[in-house]
Protein chains: 2
Amino acid sequence: MKNLTLEEIGKMAGVSRGTVSRVINNHPNVSKKARQRVLDVIEQTGYLPNLAARSLASQRSRILGLVVPRSVQAFFSDPYFPRFTQGVAQACNQNDYTLSLFIFYSSEDERKLFPRISRRGHLDGVIVQATTANDPILSTIRTGSIPHVFAGRAPNFEGASFVDVENEAGAYTAVSHLLQLGRKRIATITGPLDQTAGMDRKRGYVKALRDRGHDVHDELIATGDFSQTSGYNAARKLLPHAPDAIFVASDVMALGALQAIQEADLKVPDDIAIVGFDDLPPASYSSPPLTTIRQPIMRLGFKAVELLLDMIESGNPSPQRMVFDTELVIRDSCGAKQEGFA
Amino acid sequence: MKNLTLEEIGKMAGVSRGTVSRVINNHPNVSKKARQRVLDVIEQTGYLPNLAARSLASQRSRILGLVVPRSVQAFFSDPYFPRFTQGVAQACNQNDYTLSLFIFYSSEDERKLFPRISRRGHLDGVIVQATTANDPILSTIRTGSIPHVFAGRAPNFEGASFVDVENEAGAYTAVSHLLQLGRKRIATITGPLDQTAGMDRKRGYVKALRDRGHDVHDELIATGDFSQTSGYNAARKLLPHAPDAIFVASDVMALGALQAIQEADLKVPDDIAIVGFDDLPPASYSSPPLTTIRQPIMRLGFKAVELLLDMIESGNPSPQRMVFDTELVIRDSCGAKQEGFA
DNA sequence: ATAACAATTGGGAGCGCTCCCAATTTTCGC
DNA sequence: GCGAAAATTGGGAGCGCTCCCAATTGTTAT
C-alpha cells in the first residue's frame, strides 16, 4: 500500500488539504460534517501523517532525548537507571512523544552525538542524567538553546530545571532511625563524593549524628561508587572498627556490605544493623530483607518529562523544579522489628 | 545563532546548495578546492543539517526503533535487557543512527505507538524483543513493511530475521557438566514455557539426561518466569524431592533458588550443585559465585543492529540470522573446583 | 589548437506537511 | 429577507533538504 498524503485524503473526502490537516491536529473551525467525512476516510485508508514532513513544517519533532553522559557508567548495571527510564518512557507514551536514547560511551560518541542533540529541530527537549557534578557536557547543554531538565541537581546550575530527591533528609532519617534503635557506633558507606547524591547523603549522616550529640569518626566513613563490589570492599574496611550499624548510601552497595558482614560471621541485624537507600527490588529479596530509604525513582523520570513538556509547550524557559521526599521502609536489616519497634 | 541552511552555506563558500549537499554526503565529483572551501565554512559556522528536511527529501530517517512488546514485562527488572539495549545503543552510535525506544505498557500504548513505528519514513527499521512466542504484535510487525530483526527466535516466523543464542546446546552443556561431576538427581527450574528460551533450555536439559541414559522425572522439573521470586518458589517446590543439583534457566532465578536452599540449611555446592544461565554480573557476586552458561548479550544487541542495517542499506529483505554459541563459566556453585575438576 | 569526452557545478522539482490569508459559506439579529 | 459578523474552507508559500538533469568547465588525444 502506497503512502497517502494529506492531499489525497482530501480528494477522497471532498475537502482540501488544509481541512484534513485541521482535522488531524484537532483544530477548531471544522464543520462537523467535514470532520466526520475526513475521519471516515482516514479510518478506511489507515492514513498516517508523515512525521518528517510535519517536523519540517512545524519546526517541532515531538521527540525527547534521554541523555546519558559518559560519567554515568552505571547506566546499565545499576537498577536505578532502568527504573528511571521506565518513568520517562511512560510519560512520553502518555504525551505522544517519542523517546530517543543518547548514550555516550566515549568522547568520540560525545563529539558525534552531540550535534544531533543540540541541533534545533531534531529534538524538542532533553532529559539529562546529571549524577556527576562536574561533567563538562552538562554545562555545554546548559548553555545550549535546547530545553532541558536535569535528573539530579548538579551544583552551579542555579538557573537550571531539575528533578531530584531529598537526599540529605533521607539519610538523616535513616541515621536517626538507627540512633533511636540504640546503635552507638554508626558507620556509613557513601557514594562517590563528586556526585550530589553522594555528598548530600553523607551530609545527612553527619548532621543526624551531630544533632543528637554524637561524634563523627572518620574511620567509620568509607567511600564507595554505588556498585556492589565497592560496597563489599568498603564494608571490609569498616569492620575492623567494630561498627554496630551501617548506613549505606545505596541498596546495591548494601548488598555488597551484607555479603562482607556475613563472610565475617557477623549477624545482621544482631551484630550490625543496616539501612540502605533506594528501595530497589533486590532490597526486599536479600536475606535479611533490607531496611531502606525509598525514593520514587519512576516518578522522578515521569516528572522530568512533565517539567520538560511544560517548558516546551508553554515556551517558558523559567526553571522548573521538583524535589521528592523519601520514605523510611522498615524491613529486617535494621533490627527494629525485633525490638517491637515497628 | 540562527540555524543556517545549505543555501546560506553555499553562498558563503561561493558554491551552490547542490555542491554543499554533495560535500556533506561525501559524494564524489566535487573538486578538491570546492570541497575544502565548503568544509571550512561548515567548520567556522558550526553548520548542522536539518534532519527533518533530510528525512523528508531522502525518505530515510537514520532512526532505528527498539520495540519492547507488552509481553516483555521484565524489561526493567531483568538485567538482561539493559545489557541488550547497551549493545544496540553502541551499534547505533557507531553507525550514526539514532535509537528510539518504544515500550508498550498497555494495549492503549500499543494502539497509539504502533502507527509511529510502522509508518514508513519515520523509522528505518526496528529491533523487536521477541521473547514471548505468541504475542500478536509480532505477527503484526512481521506482516508490515518495515525492516525488522527479532531478538529471540519466535516460532512460526520462518522468513524472519533474528538474533539468538543456542539455548538448547547451552542447557545441554550445563546438565552434562553436572552429570560429569557425578550428580544423580538433577532438577531444573525452567523459564516460562511460552518463550522459546524457556522451552529450548528445558529441551536441552531433557536431552542431556536422556543421552546419558538417565530418566526424566517430572517432579524434578519446576517452572519459573525468570524472576528471582519465581526461582525461590520453584526451589522450595523442588527441595522435598531431594535433588542433588539444579540447572536453573537464568541467573536471576538461580539467585532466588540459592536463597531457598540456604534457608533450608543446605549447602551449595556440597548438598546441591547449581548451574545458572546468562552470566550477568550478579552471578559472580553471589555466595557462592554461580557457575553459569554465558551468553553474549551485548553482542546480541550489537549484531541485531548490524543485521538490520544490512537489510536496510542493501535493500535486501532476505532474512538475516545470527545464533551465538554459549560458554560454560565454572565458578563455585557447581562443585567442580572442589573435585579438582577445573 | 581542436574535437571529444569527462568531471564538476547550478539550480529546478519535489518530498508532505503547517501556517496563514483571502474567499466563500453559514449564521444571526432585526 | 437583508446586511453584517462569524465560521469554515481552499490553497499559496515555505520549511531545508536530496535527486537529477542540463549546462559549464576542465582534460586529454590528436
# chains A, B, ... in the order shown; residues from 1 in each chain; ligands from 1

$ interface_residues --of "chain C" --to "chain B" --cutoff "7 Å" --atoms "only C-alpha atoms (C1' of nucleotides)" --output "PDB file with N, CA and C atoms (P, O5', C5', C4', C3', O3' and C1' of nucleotides), in the first residue's frame"
ATOM      1  P    DA C   7      35.507  11.006 -15.253  1.00  0.00           P
ATOM      2  O5'  DA C   7      35.504  12.470 -14.649  1.00  0.00           O
ATOM      3  C5'  DA C   7      36.708  13.225 -14.636  1.00  0.00           C
ATOM      4  C4'  DA C   7      36.392  14.605 -14.128  1.00  0.00           C
ATOM      5  C3'  DA C   7      35.696  14.643 -12.772  1.00  0.00           C
ATOM      6  O3'  DA C   7      36.400  15.570 -11.967  1.00  0.00           O
ATOM      7  C1'  DA C   7      34.460  15.911 -14.350  1.00  0.00           C
ATOM      8  P    DT C   8      35.954  15.880 -10.479  1.00  0.00           P
ATOM      9  O5'  DT C   8      34.941  17.068 -10.716  1.00  0.00           O
ATOM     10  C5'  DT C   8      35.441  18.372 -10.871  1.00  0.00           C
ATOM     11  C4'  DT C   8      34.296  19.304 -11.188  1.00  0.00           C
ATOM     12  C3'  DT C   8      33.446  19.702  -9.991  1.00  0.00           C
ATOM     13  O3'  DT C   8      33.797  21.043  -9.684  1.00  0.00           O
ATOM     14  C1'  DT C   8      32.153  19.413 -11.972  1.00  0.00           C
ATOM     15  P    DG C  10      28.412  26.128  -8.285  1.00  0.00           P
ATOM     16  O5'  DG C  10      27.032  26.223  -9.075  1.00  0.00           O
ATOM     17  C5'  DG C  10      27.012  26.808 -10.360  1.00  0.00           C
ATOM     18  C4'  DG C  10      25.600  26.803 -10.902  1.00  0.00           C
ATOM     19  C3'  DG C  10      24.532  27.315  -9.942  1.00  0.00           C
ATOM     20  O3'  DG C  10      23.705  28.212 -10.665  1.00  0.00           O
ATOM     21  C1'  DG C  10      23.979  25.102 -10.650  1.00  0.00           C
ATOM     22  P    DC C  15       6.388  14.942  -4.812  1.00  0.00           P
ATOM     23  O5'  DC C  15       6.829  14.362  -3.407  1.00  0.00           O
ATOM     24  C5'  DC C  15       7.943  13.507  -3.259  1.00  0.00           C
ATOM     25  C4'  DC C  15       8.459  13.677  -1.860  1.00  0.00           C
ATOM     26  C3'  DC C  15       7.372  13.947  -0.835  1.00  0.00           C
ATOM     27  O3'  DC C  15       6.930  12.700  -0.299  1.00  0.00           O
ATOM     28  C1'  DC C  15       9.297  15.374  -0.517  1.00  0.00           C
TER      29       DC C  15
END

$ select_by_dssp --residues "range 90-241 of chain B" --states "strand (DSSP E or B)" --output "count of residues only"
31

$ interface_residues --of "chain B" --to "chain A" --cutoff "7 Å" --atoms "only C-alpha atoms" --output "PyMOL selection string"
chain B and resi 48+50-53+55-56+76+82-83+86+89+93+99-101+103+109+119+121-122

$ write_last_selection --atoms "C-alpha atoms" --output "tab-separated table (two decimals), in the first residue's frame"
chain	number	residue	atom	x	y	z
B	48	LEU	CA	24.39	21.17	11.06
B	50	ASN	CA	18.30	19.78	9.46
B	51	LEU	CA	17.37	16.18	9.98
B	52	ALA	CA	13.68	16.58	9.34
B	53	ALA	CA	14.31	18.12	5.96
B	55	SER	CA	14.39	12.70	6.14
B	56	LEU	CA	11.63	14.23	4.10
B	76	PHE	CA	13.15	-3.00	33.53
B	82	PRO	CA	19.65	-3.23	29.87
B	83	ARG	CA	22.62	-5.16	28.65
B	86	GLN	CA	23.54	-1.34	25.60
B	89	ALA	CA	22.88	1.63	21.56
B	93	ASN	CA	26.26	5.18	17.84
B	99	LEU	CA	17.90	4.92	18.72
B	100	SER	CA	14.29	5.36	19.73
B	101	LEU	CA	12.65	3.34	22.43
B	103	ILE	CA	7.89	0.39	25.17
B	109	ASP	CA	0.16	2.18	24.15
B	119	ARG	CA	4.62	4.33	9.28
B	121	GLY	CA	9.51	7.20	6.76
B	122	HIS	CA	9.69	7.60	10.49

$ interface_residues --of "chain D" --to "chain B" --cutoff "12 Å" --atoms "only C-alpha atoms (C1' of nucleotides)" --output "MDAnalysis selection string"
chainID D and resid 15:20 25:26

$ write_last_selection --atoms "N, CA and C atoms (P, O5', C5', C4', C3', O3' and C1' of nucleotides)" --output "JSON list (two decimals), in the first residue's frame"
[["chain", "number", "residue", "atom", "x", "y", "z"],
["D", 15, "DC", "P", 11.33, 29.28, 4.14],
["D", 15, "DC", "O5'", 11.58, 28.09, 5.15],
["D", 15, "DC", "C5'", 10.86, 27.99, 6.37],
["D", 15, "DC", "C4'", 10.83, 26.54, 6.77],
["D", 15, "DC", "C3'", 12.11, 25.80, 6.39],
["D", 15, "DC", "O3'", 13.01, 25.86, 7.49],
["D", 15, "DC", "C1'", 10.12, 24.52, 5.86],
["D", 16, "DG", "P", 14.47, 26.54, 7.27],
["D", 16, "DG", "O5'", 15.32, 25.35, 6.65],
["D", 16, "DG", "C5'", 15.44, 24.16, 7.37],
["D", 16, "DG", "C4'", 15.88, 23.07, 6.44],
["D", 16, "DG", "C3'", 17.17, 23.39, 5.67],
["D", 16, "DG", "O3'", 18.01, 22.26, 5.76],
["D", 16, "DG", "C1'", 15.51, 22.64, 4.20],
["D", 17, "DC", "P", 19.49, 22.25, 5.26],
["D", 17, "DC", "O5'", 19.46, 21.01, 4.27],
["D", 17, "DC", "C5'", 19.30, 19.72, 4.78],
["D", 17, "DC", "C4'", 18.43, 18.88, 3.86],
["D", 17, "DC", "C3'", 19.13, 18.32, 2.64],
["D", 17, "DC", "O3'", 19.73, 17.08, 3.02],
["D", 17, "DC", "C1'", 16.90, 19.05, 2.14],
["D", 18, "DT", "P", 20.82, 16.45, 1.98],
["D", 18, "DT", "O5'", 19.88, 15.74, 0.89],
["D", 18, "DT", "C5'", 19.04, 14.66, 1.29],
["D", 18, "DT", "C4'", 18.34, 14.11, 0.07],
["D", 18, "DT", "C3'", 19.28, 13.53, -0.99],
["D", 18, "DT", "O3'", 18.63, 12.39, -1.53],
["D", 18, "DT", "C1'", 18.00, 15.28, -1.95],
["D", 19, "DC", "P", 19.48, 11.32, -2.35],
["D", 19, "DC", "O5'", 18.83, 11.42, -3.78],
["D", 19, "DC", "C5'", 17.43, 11.67, -3.90],
["D", 19, "DC", "C4'", 17.10, 12.08, -5.32],
["D", 19, "DC", "C3'", 18.08, 11.57, -6.39],
["D", 19, "DC", "O3'", 17.32, 11.05, -7.46],
["D", 19, "DC", "C1'", 17.86, 13.91, -6.57],
["D", 20, "DC", "P", 17.96, 10.13, -8.56],
["D", 20, "DC", "O5'", 18.00, 11.12, -9.81],
["D", 20, "DC", "C5'", 16.79, 11.78, -10.20],
["D", 20, "DC", "C4'", 17.14, 12.95, -11.08],
["D", 20, "DC", "C3'", 18.17, 12.62, -12.19],
["D", 20, "DC", "O3'", 17.63, 13.02, -13.42],
["D", 20, "DC", "C1'", 18.76, 14.59, -11.06],
["D", 25, "DT", "P", 31.80, 28.42, -17.64],
["D", 25, "DT", "O5'", 32.91, 27.38, -17.19],
["D", 25, "DT", "C5'", 32.94, 26.91, -15.84],
["D", 25, "DT", "C4'", 33.83, 25.70, -15.78],
["D", 25, "DT", "C3'", 35.25, 25.94, -16.35],
["D", 25, "DT", "O3'", 36.18, 25.74, -15.31],
["D", 25, "DT", "C1'", 34.33, 23.88, -17.12],
["D", 26, "DG", "P", 37.76, 25.83, -15.60],
["D", 26, "DG", "O5'", 38.08, 24.30, -15.85],
["D", 26, "DG", "C5'", 37.87, 23.35, -14.80],
["D", 26, "DG", "C4'", 38.38, 22.00, -15.24],
["D", 26, "DG", "C3'", 39.84, 21.99, -15.72],
["D", 26, "DG", "O3'", 40.48, 20.90, -15.08],
["D", 26, "DG", "C1'", 38.42, 21.05, -17.38]]

$ residues_around --residues "Asp218 in chain A" --least-positions-apart "4" --cutoff "10 Å" --atoms "only C-alpha atoms (C1' of nucleotides)" --output "ChimeraX atom specification"
/A:187-188,222

$ select_by_dssp --residues "range 130-341 of chain B" --states "alpha helix (DSSP H)" --output "PyMOL selection string"
chain B and resi 136-143+167-180+196-211+228-238+251-263+281-285+297-314

$ residues_around --residues "Val23 in chain A" --least-positions-apart "6" --cutoff "8 Å" --atoms "only C-alpha atoms (C1' of nucleotides)" --output "ChimeraX atom specification"
/A:30,35,38-39

$ residues_around --residues "DT28 in chain D" --least-positions-apart "5" --cutoff "12 Å" --atoms "only C-alpha atoms (C1' of nucleotides)" --output "list in words"
DT2, DA3, DA4, DC5 and DA6 of chain C

$ atom_distance --atom1 "CA of Val88 in chain B" --atom2 "CA of Ile146 in chain A"
25.7 Å
